[in-house]
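A short write-up of the structure that comes next.
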Amino acid sequence: MGETMLKIPTKLEYYDDMWKLQSTATLLSHFKGDDDRHALILDRTIFYPQGGGQPADTGLVHIDGSDIKFVVHDVRSKDGIVFHYGFFENLGGEFEPTLDKGKEVSLFVDEPRRKQNSGLHSAGHLLDICLPRIGLGHLEPGKAYHFPDGPWVEYKGTIPQDEMRNKQKDLELEVNALISVGGKVSADILPYDAAAKLCGGCLPDYVPKESTPRIVRIGDNPGCPCGGTHVADISDIIRIKVSQIRSKKGSTKVFYNVDPK
């Protein structure tokens, strides 16, 4: 069965529980693509697919009732269907297993990678929260890049050159003060009006008014629509280092590093 024959969206279990690292699912399809990568499609998944500036989870899928293990090295989503890409472990030679639809499988997400990615992603939200507190409330959310090789958040708007260094120091102090206080992180799928209320009265233009967006709240701060994974508590991030702020041509990039627990 190929990818084009599946129409039912994959249930995203991490939407409901961002800290679940083991789960079970039913195999819907196994195929080898044009790029020679093996792919599994499941009815549900706890694996986060790359997107929103956040890298994909990696881990393992065990085919129940057999010795077959599938190493997941990349996860992508297309039209609501999640593709788990990887290879079969310890099979050797040219042997490739044929997996039938309906087999039960067990999922195991790589915990250190999930924690790292969740920490980087959550740190971006903390920066958003702290910008108005240091007098940069005029910067509007833009693009985010939360990969470990150089995470940054880009905002629409600029900062005067002579303020750059002071704002960098102020932002780092403010965001780490927020971490020291701590606060629970939650995610809920809500009707549009209820979601807007939690987000300070309005939602970004890209959120359709007839939708039920997933709203993430960090502590007692206003929420925001987000599909990523996050830490369970702000205090799970030990420290954020704001390494640089660049501001030019109508945009500002804040570069940072995270020390997670």
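In the structure tokens, chains take letters A, B, ... by order of appearance, with residues numbered from 1 within each chain and ligands from 1 in the order shown.
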
Mind running range 36-141 of chain A against range 167-172 of chain A at 7 Å and telling me each contacting residue's nearest atom pair with the distance in Å (one decimal), counting only C-alpha atoms, chain and number ascending, as JSON lines?
{"residue": "A:Cys130", "atom": "CA", "partner": "A:Leu171", "partner_atom": "CA", "distance": 6.7}
{"residue": "A:Leu131", "atom": "CA", "partner": "A:Leu171", "partner_atom": "CA", "distance": 6.9}
{"residue": "A:Ile134", "atom": "CA", "partner": "A:Asp170", "partner_atom": "CA", "distance": 6.5}

Could those residues be written to a file, using all heavy atoms, as a CSV table (one decimal), in the first residue's frame?
chain,number,residue,atom,x,y,z
A,130,CYS,N,9.1,37.7,27.2
A,130,CYS,CA,9.9,38.7,27.9
A,130,CYS,C,10.2,40.0,27.0
A,130,CYS,O,10.6,41.0,27.6
A,130,CYS,CB,11.2,38.1,28.3
A,130,CYS,SG,11.0,36.9,29.6
A,131,LEU,N,10.0,39.9,25.7
A,131,LEU,CA,10.3,41.1,24.9
A,131,LEU,C,9.5,42.4,25.4
A,131,LEU,O,10.1,43.4,25.5
A,131,LEU,CB,10.0,40.8,23.4
A,131,LEU,CG,11.0,39.9,22.7
A,131,LEU,CD1,10.5,39.6,21.3
A,131,LEU,CD2,12.3,40.5,22.7
A,134,ILE,N,11.0,44.3,28.4
A,134,ILE,CA,12.2,45.1,28.3
A,134,ILE,C,12.1,46.2,27.3
A,134,ILE,O,13.0,46.7,26.8
A,134,ILE,CB,13.4,44.2,28.0
A,134,ILE,CG1,13.2,43.5,26.6
A,134,ILE,CG2,13.7,43.1,29.1
A,134,ILE,CD1,14.5,42.9,26.1

TODO: Among the residues of range 94-130 of chain A, find those DSSP assigns to strand (DSSP E or B) from the backbone and print them as a ChimeraX atom specification.
DONE: /A:104-109

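Note that the spacing between CA of Pro160 in chain A and CA of Asn176 in chain A amounts to 23.7 Å.
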
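For the pair CA of Pro225 in chain A and CA of Ser23 in chain A, the interatomic distance is 25.3 Å.
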
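The environment of Leu178 in chain A within 9 Å, counting only C-alpha atoms and disregarding residues fewer than 6 places along the same chain, consists of A:Leu126, A:Cys130, A:Ile234, A:Ser235.
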
Mind dumping the selected residues with N, CA and C atoms as a PDB file, in the first residue's frame?
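Everything below was put into out_10.pdb:
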ATOM      1  N   LEU A 126       9.501  31.699  25.730  1.00  0.00           N
ATOM      2  CA  LEU A 126       9.891  32.549  26.855  1.00  0.00           C
ATOM      3  C   LEU A 126      10.448  33.879  26.377  1.00  0.00           C
ATOM      4  N   CYS A 130       9.054  37.731  27.204  1.00  0.00           N
ATOM      5  CA  CYS A 130       9.890  38.721  27.873  1.00  0.00           C
ATOM      6  C   CYS A 130      10.171  39.979  27.047  1.00  0.00           C
ATOM      7  N   ILE A 234       8.533  25.553  33.354  1.00  0.00           N
ATOM      8  CA  ILE A 234       9.559  26.504  32.941  1.00  0.00           C
ATOM      9  C   ILE A 234      10.893  26.191  33.610  1.00  0.00           C
ATOM     10  N   SER A 235      10.837  25.745  34.863  1.00  0.00           N
ATOM     11  CA  SER A 235      12.060  25.471  35.620  1.00  0.00           C
ATOM     12  C   SER A 235      12.836  24.279  35.081  1.00  0.00           C
TER      13      SER A 235
END

TODO: Compare A:Pro208, A:Gly65, A:Pro191, A:Gly86 by their minimum atom-to-atom distance to His38 in chain A, counting only C-alpha atoms, and give me the closest one.
DONE: A:Gly86

Neighbouring residues of Met18 in chain A were defined as those with any atom within 8 Å, considering only C-alpha atoms; residues of the same chain fewer than 4 positions away were excluded. Please report them as a PDB file with N, CA and C atoms, in the first residue's frame.
ATOM      1  N   GLU A  13      -0.692  11.953  19.116  1.00  0.00           N
ATOM      2  CA  GLU A  13      -0.838  11.755  20.548  1.00  0.00           C
ATOM      3  C   GLU A  13      -0.032  12.758  21.364  1.00  0.00           C
ATOM      4  N   TYR A  14       1.043  13.299  20.791  1.00  0.00           N
ATOM      5  CA  TYR A  14       1.820  14.291  21.529  1.00  0.00           C
ATOM      6  C   TYR A  14       1.049  15.592  21.689  1.00  0.00           C
ATOM      7  N   THR A 229       6.329  20.554  20.837  1.00  0.00           N
ATOM      8  CA  THR A 229       6.464  19.955  22.158  1.00  0.00           C
ATOM      9  C   THR A 229       7.212  20.927  23.069  1.00  0.00           C
ATOM     10  N   HIS A 230       6.979  20.801  24.376  1.00  0.00           N
ATOM     11  CA  HIS A 230       7.519  21.760  25.329  1.00  0.00           C
ATOM     12  C   HIS A 230       7.929  21.058  26.615  1.00  0.00           C
TER      13      HIS A 230
END

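Taking only C-alpha atoms into account, Asp36 in chain A lies nearest to A:Phe87 out of the set A:Pro222, A:Val105, A:Val181, A:Phe87.
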
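Across A:Ile129, A:Lys184, A:Tyr85, A:Ile179, the tightest approach to Cys199 in chain A is made by A:Ile129 when counting only C-alpha atoms.
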
- [ ] Mind checking which residues fall within 10 Å of Gly51 in chain A, counting only C-alpha atoms, ignoring those fewer than 3 positions away in the same chain, and posting them as a list in words?
- [x] Tyr48, Gln54, Pro55, Ala56, Val75, Arg76, Ser77, Tyr145, His146, Gly227 and Gly228 of chain A

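Across the model, the gap from CA of Asp74 in chain A to CA of Gly33 in chain A is 13.7 Å.
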
TODO: Find the residues near range 157-159 of chain A: any atom within 8 Å, counting only C-alpha atoms, skip ones fewer than 5 places away on the same chain, and give them as a list in words.
DONE: His138, Leu139, Glu140, Met164, Ser247, Lys248, Lys249, Gly250, Ser251 and Thr252 of chain A

Task: From A:Thr98, A:Lys11, A:Gly200, A:Trp19, residue lying nearest Ser118 in chain A [only C-alpha atoms] - done: A:Trp19

Open item on the list: Report as number ranges by chain all protein, DNA and RNA residues lying within 12 Å of Lys78 in chain A, evaluated on only C-alpha atoms, omitting residues in the same chain fewer than 2 positions from it.
Closed with: A: 3-4, 6-10, 41, 49-51, 75-76, 80-84

Pull C-alpha atoms from the residues just selected and write them as a CSV table (one decimal), in the first residue's frame.
chain,number,residue,atom,x,y,z
A,3,GLU,CA,1.2,6.7,0.6
A,4,THR,CA,-1.3,8.0,-1.9
A,6,LEU,CA,-4.2,6.6,2.7
A,7,LYS,CA,-6.5,9.4,3.5
A,8,ILE,CA,-7.2,9.2,7.2
A,9,PRO,CA,-5.0,11.8,9.2
A,10,THR,CA,-2.6,10.4,11.8
A,41,ILE,CA,2.5,4.9,8.5
A,49,PRO,CA,7.3,15.4,12.7
A,50,GLN,CA,9.7,18.1,11.7
A,51,GLY,CA,8.0,21.5,11.3
A,75,VAL,CA,9.5,12.0,10.8
A,76,ARG,CA,7.6,14.2,8.3
A,80,GLY,CA,-2.2,15.2,7.9
A,81,ILE,CA,-0.4,11.9,7.5
A,82,VAL,CA,2.8,11.3,9.4
A,83,PHE,CA,5.6,9.3,7.8
A,84,HIS,CA,8.2,7.6,10.0

- [ ] May I ask which of the residues A:Gln161, A:Ser180, A:Ser186, A:Gln22 is the closest one to Val216 in chain A, counting only C-alpha atoms?
- [x] A:Ser186

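Each of A:His30, A:Lys69, A:His121, A:Lys101 was compared to Gly52 in chain A using only C-alpha atoms, and A:His121 turns out to be the nearest.
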
Task: Those of range 81-235 of chain A in DSSP helix (DSSP H, G or I), formatted as a ChimeraX atom specification - done: /A:111-130,132-134,161-181,192-198,234-235
